[in-house]
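Heads up, coords34.csv below (CSV, C-alpha atoms):
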```csv
chain,number,residue,atom,x,y,z
A,1,MET,CA,-22.2,-31.7,7.2
A,2,ASN,CA,-21.4,-28.9,9.6
A,3,LYS,CA,-18.0,-27.2,9.7
A,4,THR,CA,-16.5,-24.7,12.1
A,5,PHE,CA,-16.2,-21.1,10.9
A,6,TYR,CA,-14.7,-18.1,12.7
A,7,PHE,CA,-16.8,-14.9,12.6
A,8,TYR,CA,-15.3,-11.5,13.1
A,9,LYS,CA,-17.5,-8.4,13.8
A,10,GLY,CA,-15.4,-5.4,12.9
A,11,ASP,CA,-12.6,-6.1,15.3
A,12,VAL,CA,-9.8,-8.6,16.2
A,13,ASP,CA,-12.0,-10.8,18.4
A,14,PHE,CA,-13.9,-13.7,16.9
A,15,THR,CA,-16.4,-16.3,17.8
A,16,PRO,CA,-16.6,-19.9,16.3
A,17,TYR,CA,-19.8,-21.2,14.9
A,18,GLU,CA,-20.7,-24.5,13.2
A,19,PHE,CA,-22.7,-24.3,10.0
A,20,ASP,CA,-23.3,-26.3,6.8
A,21,GLU,CA,-21.5,-24.6,3.9
A,22,SER,CA,-24.8,-24.5,2.0
A,23,ILE,CA,-26.6,-22.3,4.5
A,24,THR,CA,-27.4,-18.8,3.1
A,25,LEU,CA,-26.1,-15.6,4.6
A,26,ASP,CA,-29.6,-14.3,5.6
A,27,ARG,CA,-30.1,-17.4,7.8
A,28,ILE,CA,-26.6,-17.0,9.3
A,29,ARG,CA,-27.4,-13.4,10.2
A,30,ASN,CA,-30.5,-14.5,12.1
A,31,LYS,CA,-28.5,-17.0,14.0
A,32,LEU,CA,-25.8,-14.5,14.9
A,33,ILE,CA,-28.6,-12.2,16.3
A,34,THR,CA,-30.4,-15.0,18.3
A,35,SER,CA,-27.1,-16.2,19.7
A,36,GLY,CA,-26.1,-12.8,21.0
A,37,PHE,CA,-23.1,-12.3,18.7
A,38,MET,CA,-24.8,-9.1,17.5
A,39,THR,CA,-27.9,-7.1,18.4
A,40,SER,CA,-30.7,-6.3,15.9
A,41,SER,CA,-29.5,-2.7,15.9
A,42,GLU,CA,-25.9,-3.8,15.1
A,43,SER,CA,-27.3,-6.0,12.4
A,44,ASN,CA,-28.4,-3.0,10.4
A,45,ASP,CA,-24.9,-1.7,10.3
A,46,PHE,CA,-22.8,-4.8,9.6
A,47,ARG,CA,-22.3,-6.5,6.2
A,48,PHE,CA,-20.5,-9.6,5.1
A,49,ILE,CA,-17.2,-9.3,3.2
A,50,ASP,CA,-16.8,-11.6,0.2
A,51,TYR,CA,-13.4,-13.0,0.4
A,52,GLN,CA,-13.8,-14.8,-2.9
A,53,ASN,CA,-14.5,-11.7,-5.0
A,54,LYS,CA,-11.9,-10.9,-7.6
A,55,LEU,CA,-13.2,-7.5,-8.7
A,56,PRO,CA,-11.9,-4.4,-6.9
A,57,VAL,CA,-15.4,-2.8,-6.7
A,58,TYR,CA,-17.1,-1.8,-3.4
A,59,THR,CA,-20.4,-3.4,-4.2
A,60,ASP,CA,-18.7,-6.7,-5.0
A,61,MET,CA,-16.5,-6.7,-1.9
A,62,VAL,CA,-19.3,-5.7,0.6
A,63,ILE,CA,-22.4,-7.8,0.2
A,64,GLY,CA,-25.7,-6.0,0.4
A,65,LYS,CA,-28.3,-7.4,2.8
A,66,GLY,CA,-30.8,-7.9,-0.1
A,67,SER,CA,-28.4,-10.3,-1.7
A,68,GLU,CA,-27.9,-12.5,1.3
A,69,ILE,CA,-30.8,-14.7,0.6
A,70,TYR,CA,-29.1,-15.9,-2.6
A,71,ILE,CA,-25.5,-16.4,-1.3
A,72,PRO,CA,-24.4,-19.6,0.5
A,73,LEU,CA,-21.7,-19.5,3.1
A,74,ARG,CA,-19.3,-21.4,0.8
A,75,GLY,CA,-19.6,-18.5,-1.6
A,76,ILE,CA,-17.8,-16.0,0.6
A,77,ASN,CA,-15.7,-18.2,2.9
A,78,GLY,CA,-12.1,-17.0,3.2
A,79,HIS,CA,-8.8,-18.7,4.1
A,80,ASN,CA,-8.7,-20.4,7.5
A,81,SER,CA,-12.6,-20.5,7.5
A,82,GLN,CA,-12.9,-16.9,8.5
A,83,ILE,CA,-16.0,-14.8,7.9
A,84,TYR,CA,-15.8,-11.0,8.4
A,85,LEU,CA,-18.5,-8.5,9.0
A,86,THR,CA,-17.8,-4.8,8.6
A,87,ASP,CA,-19.7,-1.8,9.9
A,88,ILE,CA,-20.7,0.3,6.9
A,89,ASN,CA,-22.1,3.2,8.9
A,90,LYS,CA,-19.1,3.9,11.2
A,91,GLN,CA,-17.9,7.5,10.9
A,92,LYS,CA,-14.5,7.1,12.5
A,93,GLU,CA,-12.0,4.2,12.8
A,94,THR,CA,-13.8,2.6,9.9
A,95,ASP,CA,-12.4,-0.6,8.3
A,96,LEU,CA,-10.3,-0.4,5.2
A,97,ILE,CA,-10.8,-3.0,2.5
A,98,GLY,CA,-8.3,-3.5,-0.3
A,99,PHE,CA,-6.4,-5.8,-2.5
A,100,SER,CA,-2.9,-7.0,-1.6
A,101,THR,CA,-0.1,-6.1,-4.1
A,102,ASP,CA,3.6,-6.3,-4.5
A,103,TRP,CA,3.9,-3.0,-6.3
A,104,TRP,CA,1.9,0.2,-6.9
A,105,PHE,CA,1.6,1.4,-10.4
A,106,GLY,CA,1.2,4.9,-11.7
A,107,ARG,CA,1.1,5.2,-15.5
A,108,ARG,CA,4.7,4.4,-16.6
A,109,MET,CA,6.3,3.9,-13.2
A,110,SER,CA,5.9,1.6,-10.1
A,111,CYS,CA,7.1,1.8,-6.5
A,112,LYS,CA,7.0,0.0,-3.2
A,113,MET,CA,7.9,0.5,0.4
A,114,VAL,CA,9.9,-2.2,2.2
A,115,LEU,CA,12.1,-2.7,5.3
A,116,ASN,CA,15.6,-1.4,5.1
A,117,THR,CA,17.8,-4.5,5.6
A,118,THR,CA,20.9,-3.1,4.0
A,119,ASP,CA,22.1,-0.4,6.5
A,120,PRO,CA,23.5,-2.1,9.7
A,121,GLU,CA,21.6,0.1,12.2
A,122,ALA,CA,18.4,-0.3,10.2
A,123,SER,CA,18.7,-4.0,9.9
A,124,ASN,CA,19.2,-4.3,13.7
A,125,ALA,CA,16.2,-2.0,14.4
A,126,ASN,CA,14.0,-4.1,12.1
A,127,LYS,CA,14.7,-7.4,13.9
A,128,GLY,CA,11.3,-9.0,14.6
A,129,LYS,CA,9.3,-6.5,12.5
A,130,PHE,CA,7.1,-7.6,9.7
A,131,GLN,CA,7.5,-6.6,6.0
A,132,PRO,CA,5.2,-3.6,5.2
A,133,PHE,CA,1.8,-4.9,3.8
A,134,MET,CA,0.8,-3.1,0.6
A,135,LEU,CA,-2.8,-2.7,-0.6
A,136,THR,CA,-4.4,-1.1,-3.6
A,137,ASN,CA,-7.9,-0.2,-4.7
A,138,VAL,CA,-8.6,0.5,-1.0
A,139,LYS,CA,-12.0,1.6,0.1
A,140,THR,CA,-13.4,2.6,3.4
A,141,ALA,CA,-16.2,0.2,4.6
A,142,ASN,CA,-18.4,3.3,4.9
A,143,PRO,CA,-18.9,4.4,1.3
A,144,ASN,CA,-20.4,7.7,2.4
A,145,LEU,CA,-17.4,9.3,4.2
A,146,PRO,CA,-16.9,12.7,2.4
A,147,GLY,CA,-13.7,13.5,0.7
A,148,VAL,CA,-11.9,10.2,1.5
A,149,SER,CA,-9.9,8.5,-1.2
A,150,LEU,CA,-7.3,6.0,-0.1
A,151,GLU,CA,-6.4,4.3,-3.4
A,152,ASN,CA,-3.1,2.8,-2.1
A,153,VAL,CA,-2.3,2.0,1.5
A,154,VAL,CA,0.8,0.5,3.2
A,155,VAL,CA,0.4,-1.0,6.7
A,156,CYS,CA,3.5,-1.5,8.8
A,157,GLU,CA,4.8,-1.7,12.4
A,158,LYS,CA,5.6,1.4,14.3
A,159,ASP,CA,9.3,2.4,14.2
A,160,SER,CA,10.0,0.3,11.2
A,161,VAL,CA,13.1,1.6,9.3
A,162,ILE,CA,12.1,1.5,5.6
A,163,GLN,CA,13.3,2.2,2.1
A,164,PHE,CA,11.5,3.1,-1.2
A,165,GLU,CA,12.0,1.3,-4.4
A,166,ILE,CA,11.1,2.7,-7.8
A,167,GLY,CA,10.9,1.3,-11.3
A,168,SER,CA,10.4,3.8,-14.2
A,169,TRP,CA,10.5,4.2,-17.9
A,170,ALA,CA,13.2,6.8,-18.9
A,171,SER,CA,14.7,8.7,-21.8
A,172,ALA,CA,18.2,10.0,-21.0
A,173,GLY,CA,17.0,9.2,-17.5
A,174,TYR,CA,14.4,10.1,-15.0
A,175,GLY,CA,14.2,12.3,-11.9
A,176,TYR,CA,12.2,11.4,-8.8
A,177,THR,CA,10.9,12.8,-5.6
A,178,ILE,CA,9.3,11.2,-2.5
A,179,LYS,CA,7.4,13.4,-0.2
A,180,PRO,CA,4.5,13.5,2.3
A,181,THR,CA,1.8,16.0,2.0
A,182,SER,CA,2.7,17.4,5.4
A,183,GLY,CA,6.3,17.3,6.8
A,184,ASP,CA,9.7,17.1,5.3
A,185,PRO,CA,10.3,15.5,1.8
A,186,ILE,CA,12.4,12.3,1.8
A,187,ASN,CA,14.5,14.0,-0.8
A,188,SER,CA,14.2,17.8,-0.8
A,189,SER,CA,16.4,17.9,-3.9
A,190,PRO,CA,15.6,15.8,-7.0
A,191,LEU,CA,17.5,12.5,-7.5
A,192,TYR,CA,18.1,10.9,-10.9
A,193,ARG,CA,18.6,7.6,-12.6
A,194,THR,CA,20.4,8.2,-15.9
A,195,PHE,CA,21.5,6.2,-19.0
A,196,THR,CA,24.3,6.7,-21.6
A,197,SER,CA,22.3,4.9,-24.3
A,198,CYS,CA,19.2,6.0,-26.3
A,199,PRO,CA,17.4,2.9,-27.6
A,200,LYS,CA,14.8,3.6,-30.2
A,201,ASP,CA,12.6,0.7,-29.4
A,202,GLY,CA,10.8,2.2,-26.5
A,203,GLY,CA,13.4,3.9,-24.3
A,204,ASN,CA,15.2,3.0,-21.2
A,205,TYR,CA,13.9,1.4,-18.0
A,206,GLY,CA,15.6,1.5,-14.6
A,207,LYS,CA,15.3,0.9,-10.9
A,208,SER,CA,16.2,3.2,-8.0
A,209,THR,CA,16.3,2.7,-4.2
A,210,LEU,CA,16.2,5.4,-1.6
A,211,ARG,CA,16.9,4.3,2.0
A,212,CYS,CA,17.7,7.7,3.5
A,213,TYR,CA,16.8,11.4,3.6
A,214,PHE,CA,18.5,13.4,0.9
A,215,ALA,CA,18.7,17.0,1.9
A,216,LYS,CA,21.9,18.8,1.0
A,217,ASN,CA,23.5,21.0,3.7
A,218,GLU,CA,20.8,20.0,6.2
A,219,GLY,CA,21.0,18.1,9.5
A,220,ARG,CA,18.8,15.2,8.3
A,221,HIS,CA,20.9,14.5,5.2
A,222,ARG,CA,21.5,10.7,4.8
A,223,SER,CA,19.6,9.8,7.9
A,224,THR,CA,17.7,6.5,7.5
A,225,ILE,CA,13.9,6.7,7.4
A,226,LYS,CA,11.6,5.6,10.3
A,227,VAL,CA,7.9,5.2,10.2
A,228,VAL,CA,6.1,6.7,13.2
A,229,ALA,CA,2.5,7.1,14.3
A,230,THR,CA,0.7,10.4,14.1
A,231,ASP,CA,-2.6,11.2,15.8
A,232,SER,CA,-5.3,8.6,16.4
A,233,LEU,CA,-7.0,7.5,13.2
A,234,ASN,CA,-9.8,9.8,12.2
A,235,LEU,CA,-10.7,9.1,8.5
A,236,GLY,CA,-12.3,12.1,6.9
A,237,GLY,CA,-10.4,14.7,9.1
A,238,GLU,CA,-7.2,16.6,8.9
A,239,THR,CA,-5.2,13.6,9.9
A,240,LEU,CA,-5.3,12.4,6.3
A,241,ASN,CA,-2.7,15.1,5.4
A,242,TYR,CA,-0.1,13.4,7.7
A,243,MET,CA,-0.2,10.0,6.1
A,244,LYS,CA,-0.4,10.8,2.4
A,245,PHE,CA,2.8,10.4,0.4
A,246,SER,CA,3.7,11.0,-3.3
A,247,VAL,CA,6.3,9.2,-5.4
A,248,ARG,CA,6.8,10.9,-8.8
A,249,THR,CA,9.1,10.4,-11.8
A,250,TRP,CA,9.7,12.7,-14.7
A,251,LYS,CA,11.7,12.7,-18.0
A,252,VAL,CA,15.3,13.7,-18.2
A,253,THR,CA,16.5,14.5,-21.8
A,254,GLU,CA,20.1,15.5,-21.2
A,255,PHE,CA,22.9,15.5,-18.6
A,256,LYS,CA,26.6,15.9,-18.2
A,257,ALA,CA,28.3,13.0,-16.5
A,258,SER,CA,31.3,13.2,-14.1
A,259,ASP,CA,33.6,12.1,-17.0
A,260,GLY,CA,32.8,15.3,-18.8
A,261,LYS,CA,30.7,13.7,-21.5
A,262,THR,CA,27.2,15.0,-22.3
A,263,TYR,CA,24.4,12.4,-23.0
A,264,LYS,CA,21.2,13.2,-24.8
A,265,CYS,CA,18.0,11.3,-25.4
A,266,ASN,CA,14.6,12.9,-25.9
A,267,LEU,CA,12.3,10.0,-26.8
A,268,PRO,CA,8.5,10.3,-26.5
A,269,LEU,CA,6.9,8.7,-23.4
A,270,SER,CA,6.2,5.0,-23.9
A,271,ALA,CA,2.8,3.4,-23.6
A,272,ALA,CA,1.4,3.1,-20.1
A,273,TYR,CA,1.2,-0.1,-18.2
A,274,GLN,CA,-1.6,-2.5,-19.2
A,275,LYS,CA,-3.6,-4.6,-16.7
A,276,ASP,CA,-1.4,-7.7,-17.3
A,277,GLY,CA,1.7,-5.8,-16.2
A,278,THR,CA,3.1,-5.2,-19.7
A,279,ILE,CA,3.6,-2.2,-21.9
A,280,GLU,CA,3.3,-2.1,-25.7
A,281,SER,CA,7.1,-2.0,-26.2
A,282,GLY,CA,7.8,-5.0,-24.0
A,283,THR,CA,7.3,-6.8,-20.8
A,284,ILE,CA,8.0,-5.1,-17.5
A,285,PRO,CA,9.6,-7.5,-15.0
A,286,TYR,CA,7.3,-6.7,-12.1
A,287,SER,CA,4.4,-8.7,-10.7
A,288,LYS,CA,0.9,-7.6,-11.3
A,289,LEU,CA,-1.7,-7.5,-8.5
A,290,VAL,CA,-1.6,-10.7,-6.5
A,291,ASN,CA,-4.6,-13.1,-6.2
A,292,GLY,CA,-7.2,-10.4,-5.5
A,293,ASP,CA,-7.9,-11.5,-1.9
A,294,GLU,CA,-9.6,-8.7,0.1
A,295,SER,CA,-7.7,-7.6,3.2
A,296,PRO,CA,-9.9,-5.9,5.8
A,297,VAL,CA,-7.8,-3.8,8.2
A,298,PRO,CA,-9.8,-2.9,11.3
A,299,GLY,CA,-9.4,0.8,12.0
A,300,THR,CA,-9.5,0.2,15.8
A,301,ALA,CA,-6.1,-1.5,15.6
A,302,ILE,CA,-4.2,1.0,13.5
A,303,GLU,CA,-3.0,4.6,13.4
A,304,PRO,CA,-2.1,7.0,10.6
A,305,GLY,CA,1.7,7.2,10.1
A,306,THR,CA,4.4,9.3,8.6
A,307,THR,CA,8.2,9.2,8.4
A,308,GLU,CA,11.0,11.0,10.3
A,309,PRO,CA,14.8,10.7,10.4
A,310,THR,CA,16.2,8.1,12.7
A,311,GLY,CA,19.4,10.0,13.3
A,312,ASP,CA,21.4,7.0,12.1
A,313,GLU,CA,23.4,7.6,8.9
A,314,SER,CA,22.8,5.4,5.9
A,315,GLU,CA,25.7,4.0,4.0
A,316,GLN,CA,24.0,4.8,0.7
A,317,ASN,CA,26.1,6.9,-1.7
A,318,PHE,CA,25.0,9.2,-4.5
A,319,GLY,CA,26.8,10.1,-7.7
A,320,THR,CA,27.0,13.5,-9.3
A,321,ILE,CA,25.7,14.7,-12.6
A,322,TYR,CA,25.6,18.2,-14.1
A,323,ASN,CA,23.6,20.4,-16.4
A,324,VAL,CA,20.5,18.3,-16.1
A,325,LYS,CA,17.8,19.1,-18.5
A,326,ALA,CA,14.5,17.9,-17.1
A,327,SER,CA,11.0,19.1,-16.7
A,328,GLN,CA,8.0,18.4,-14.4
A,329,SER,CA,5.5,19.9,-16.8
A,330,PRO,CA,2.5,17.6,-17.3
A,331,GLU,CA,3.7,16.3,-20.6
A,332,ASN,CA,7.0,15.1,-19.1
A,333,ILE,CA,5.6,13.4,-16.0
A,334,ILE,CA,6.3,9.7,-16.3
A,335,GLY,CA,4.1,8.6,-13.5
A,336,GLU,CA,3.0,9.3,-9.9
A,337,VAL,CA,1.7,7.1,-7.1
A,338,ILE,CA,-0.2,8.5,-4.1
A,339,PHE,CA,-0.3,6.3,-1.0
A,340,TYR,CA,-1.2,6.4,2.7
A,341,VAL,CA,0.8,5.0,5.6
A,342,PHE,CA,-0.8,3.3,8.5
A,343,VAL,CA,0.9,1.7,11.5
A,344,PHE,CA,0.2,-0.9,14.1
A,345,LYS,CA,1.5,0.0,17.5
A,346,THR,CA,2.8,-3.5,18.1
A,347,LYS,CA,3.6,-6.6,16.0
A,348,GLU,CA,1.1,-8.6,18.2
A,349,ASP,CA,-1.7,-6.3,17.1
A,350,ALA,CA,-0.7,-6.7,13.4
A,351,GLU,CA,-0.4,-10.4,13.6
A,352,ALA,CA,-3.8,-10.7,15.4
A,353,VAL,CA,-5.5,-8.8,12.5
A,354,PHE,CA,-3.6,-10.2,9.5
A,355,GLY,CA,-2.7,-13.6,10.8
A,356,LYS,CA,-6.3,-14.5,11.7
A,357,MET,CA,-8.2,-12.7,9.0
A,358,ASN,CA,-5.9,-13.5,6.1
A,359,ASN,CA,-4.0,-16.6,5.1
A,360,ILE,CA,-0.7,-14.8,4.9
A,361,ASP,CA,2.6,-16.7,4.6
A,362,PRO,CA,3.9,-17.0,8.2
A,363,SER,CA,7.3,-15.7,7.0
A,364,ILE,CA,5.8,-12.1,6.9
A,365,TRP,CA,6.1,-12.0,10.7
A,366,GLU,CA,9.7,-13.1,10.7
A,367,GLY,CA,12.2,-10.2,11.2
```

What is this structure when it is put down as structure tokens?
Amino acid sequence: MNKTFYFYKGDVDFTPYEFDESITLDRIRNKLITSGFMTSSESNDFRFIDYQNKLPVYTDMVIGKGSEIYIPLRGINGHNSQIYLTDINKQKETDLIGFSTDWWFGRRMSCKMVLNTTDPEASNANKGKFQPFMLTNVKTANPNLPGVSLENVVVCEKDSVIQFEIGSWASAGYGYTIKPTSGDPINSSPLYRTFTSCPKDGGNYGKSTLRCYFAKNEGRHRSTIKVVATDSLNLGGETLNYMKFSVRTWKVTEFKASDGKTYKCNLPLSAAYQKDGTIESGTIPYSKLVNGDESPVPGTAIEPGTTEPTGDESEQNFGTIYNVKASQSPENIIGEVIFYVFVFKTKEDAEAVFGKMNNIDPSIWEG
């Protein structure tokens, strides 16, 4: 019995075809050529994406032509009956293929980027914008692009006002920095999350949120954070420097609080996160990678992004501590996450890509 499927060829546009679910991919490819959906020359470049794959490995995500004779349509069909073909030989504006996630993990810490809905001006600016869409284990569709590693990616709408959230193991506390490879750090001075206790059963664990620039005695101090587009996407070129961010935490062993008391804790680093989202000393209350569905992001619809101050002042306040003893030497680094920022110029572009190609909860588009 035939069923309607929606075929995408490396862009937002799609064409519906009717096929029996048992038909193999090699026969579908021939049909797509004879019907004019793609030329024979294009057929050499395009490969099917396996939406049902659960392993974040390129060769499992992008199906080789030699395997098509064995794979039925039902074996790769995604939500909403979409079938996606990606150009594996494109040198620029290549597709990105990754796994959706709620948090990124780096050894003993985790982080995420979300909309700022706390500061009044930010909340107003974000009306109608969708929540940033986070991916991990991201690969370019072209596996031969030199020097390109995009492990973690966040996709958002241009001019979104955002905040960063961090969860990290700690001793007496942890310090953290958030900064792009190029451009001004989000916090040019370290910020800290501290504790007055020193539990012997694994250490402390805490969360931090940063929704503004932190730069003492500088004009951008406490300005909320806006995502902007940089140059047009050119994977493999210098543009990569403008969209790569680092979030790092490190161990604090001693500090003096505003009440004049000094607190000390110099426990060894705990075990790292395991695949199931736990550590040896206990369960971390954050979700692990969700469902494992691939999320192709057509490069033609997105641009690299970075952050800049909005000029609006955040209401976030910071406490003061003194005589902090901390170190960013390798043995004291708790964790680090590197991620890239991409932006859609408009919400309509984003919804066209994600809404049609992925079965995303409609609430993601609600601002």

For this session: Record the distance separating atom CA of A:Glu313 and atom CA of A:Glu121, expressed in Å with one decimal.
Result: 8.4 Å

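Closest to A:Lys9 among A:Thr196, A:Thr86, A:Asn317, A:Asn30 is A:Thr86, based on only C-alpha atoms.
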
Problem set entry | A:Arg29 environment, 9 Å, all atoms listed in the file, sequence neighbours closer than 3 positions dropped, as number ranges by chain | A: 24-26, 32-34, 38, 43, 68

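Nearest to A:Thr4 of all the residues A:Ile83, A:Thr39, A:Asn144, A:Ile321 is A:Ile83, based on all atoms listed in the file.
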
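Near (5.8, 13.3, -9.1), the residues that fall inside 10 Å on the basis of all atoms listed in the file are Gly106, Gly175, Tyr176, Thr177, Ile178, Lys179, Ser246, Val247, Arg248, Thr249, Trp250, Gln328, Pro330, Ile333, Ile334, Gly335, Glu336, Val337 and Ile338 of chain A.
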
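When atom CA of A:Ala350 is paired with atom CA of A:Phe130, their separation reads 8.7 Å.
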
For this session: Using only C-alpha atoms, pick whichever of A:Thr15, A:Ser327, A:Ser41, A:Asn116 has the shortest atom-to-atom distance to A:Ser160.
Result: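 Distance minimum relative to A:Ser160 lands on A:Asn116.
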
Exercise. Looking at only C-alpha atoms, which of A:Asp184, A:Glu42, A:Asp259, A:Glu308 is the one that sits closest to A:Thr230?
Worked result: A:Glu308

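Closest approach to A:Asp60 from the set A:Asp201, A:Gly98, A:Ser329, A:Arg193 is made by A:Gly98, with distances taken over only C-alpha atoms.
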
Seminar exercise, completed: If you count only C-alpha atoms, the residue of A:Phe164, A:Phe195, A:Phe99, A:Tyr205 closest to A:Lys256 turns out to be A:Phe195

For this session: Please indicate the distance in Å from atom CA of A:Ile225 to atom CA of A:Gln163, rounded to one decimal place.
Result: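 Distance between the two atoms: 7.0 Å.
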
Mind checking which residues fall within 12 Å of A:Phe214, counting only C-alpha atoms, ignoring those fewer than 3 positions away in the same chain, and posting them as an mmCIF file with C-alpha atoms, in the coordinates of the input?
```
data_model
loop_
_atom_site.group_PDB
_atom_site.id
_atom_site.type_symbol
_atom_site.label_atom_id
_atom_site.label_comp_id
_atom_site.auth_asym_id
_atom_site.auth_seq_id
_atom_site.Cartn_x
_atom_site.Cartn_y
_atom_site.Cartn_z
ATOM 1 C CA TYR A 176 12.200 11.400 -8.800
ATOM 2 C CA THR A 177 10.900 12.800 -5.600
ATOM 3 C CA ILE A 178 9.300 11.200 -2.500
ATOM 4 C CA LYS A 179 7.400 13.400 -0.200
ATOM 5 C CA ASP A 184 9.700 17.100 5.300
ATOM 6 C CA PRO A 185 10.300 15.500 1.800
ATOM 7 C CA ILE A 186 12.400 12.300 1.800
ATOM 8 C CA ASN A 187 14.500 14.000 -0.800
ATOM 9 C CA SER A 188 14.200 17.800 -0.800
ATOM 10 C CA SER A 189 16.400 17.900 -3.900
ATOM 11 C CA PRO A 190 15.600 15.800 -7.000
ATOM 12 C CA LEU A 191 17.500 12.500 -7.500
ATOM 13 C CA LEU A 210 16.200 5.400 -1.600
ATOM 14 C CA ARG A 211 16.900 4.300 2.000
ATOM 15 C CA ASN A 217 23.500 21.000 3.700
ATOM 16 C CA GLU A 218 20.800 20.000 6.200
ATOM 17 C CA GLY A 219 21.000 18.100 9.500
ATOM 18 C CA ARG A 220 18.800 15.200 8.300
ATOM 19 C CA HIS A 221 20.900 14.500 5.200
ATOM 20 C CA ARG A 222 21.500 10.700 4.800
ATOM 21 C CA SER A 223 19.600 9.800 7.900
ATOM 22 C CA THR A 224 17.700 6.500 7.500
ATOM 23 C CA ILE A 225 13.900 6.700 7.400
ATOM 24 C CA PRO A 309 14.800 10.700 10.400
ATOM 25 C CA GLU A 313 23.400 7.600 8.900
ATOM 26 C CA SER A 314 22.800 5.400 5.900
ATOM 27 C CA GLN A 316 24.000 4.800 0.700
ATOM 28 C CA ASN A 317 26.100 6.900 -1.700
ATOM 29 C CA PHE A 318 25.000 9.200 -4.500
#
```

Problem set entry | Selection: 6 Å around A:Ile76, all atoms listed in the file, excl. self and same-chain fewer than 4 positions, as a ChimeraX atom specification | /A:50-52

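The list of residues with at least one atom within 7 Å of A:Ser168, based on only C-alpha atoms and without residues fewer than 5 positions apart in the same chain, reads Arg108, Met109, Ser110, Tyr205, Gly206 and Lys207 of chain A.
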
Exercise. Near A:Asn124, within 12 Å and counting all atoms listed in the file, which residues show up once chain neighbours fewer than 2 positions away are dropped, as a PyMOL selection string?
Worked result: chain A and resi 115-122+126-129+159-161+312+367
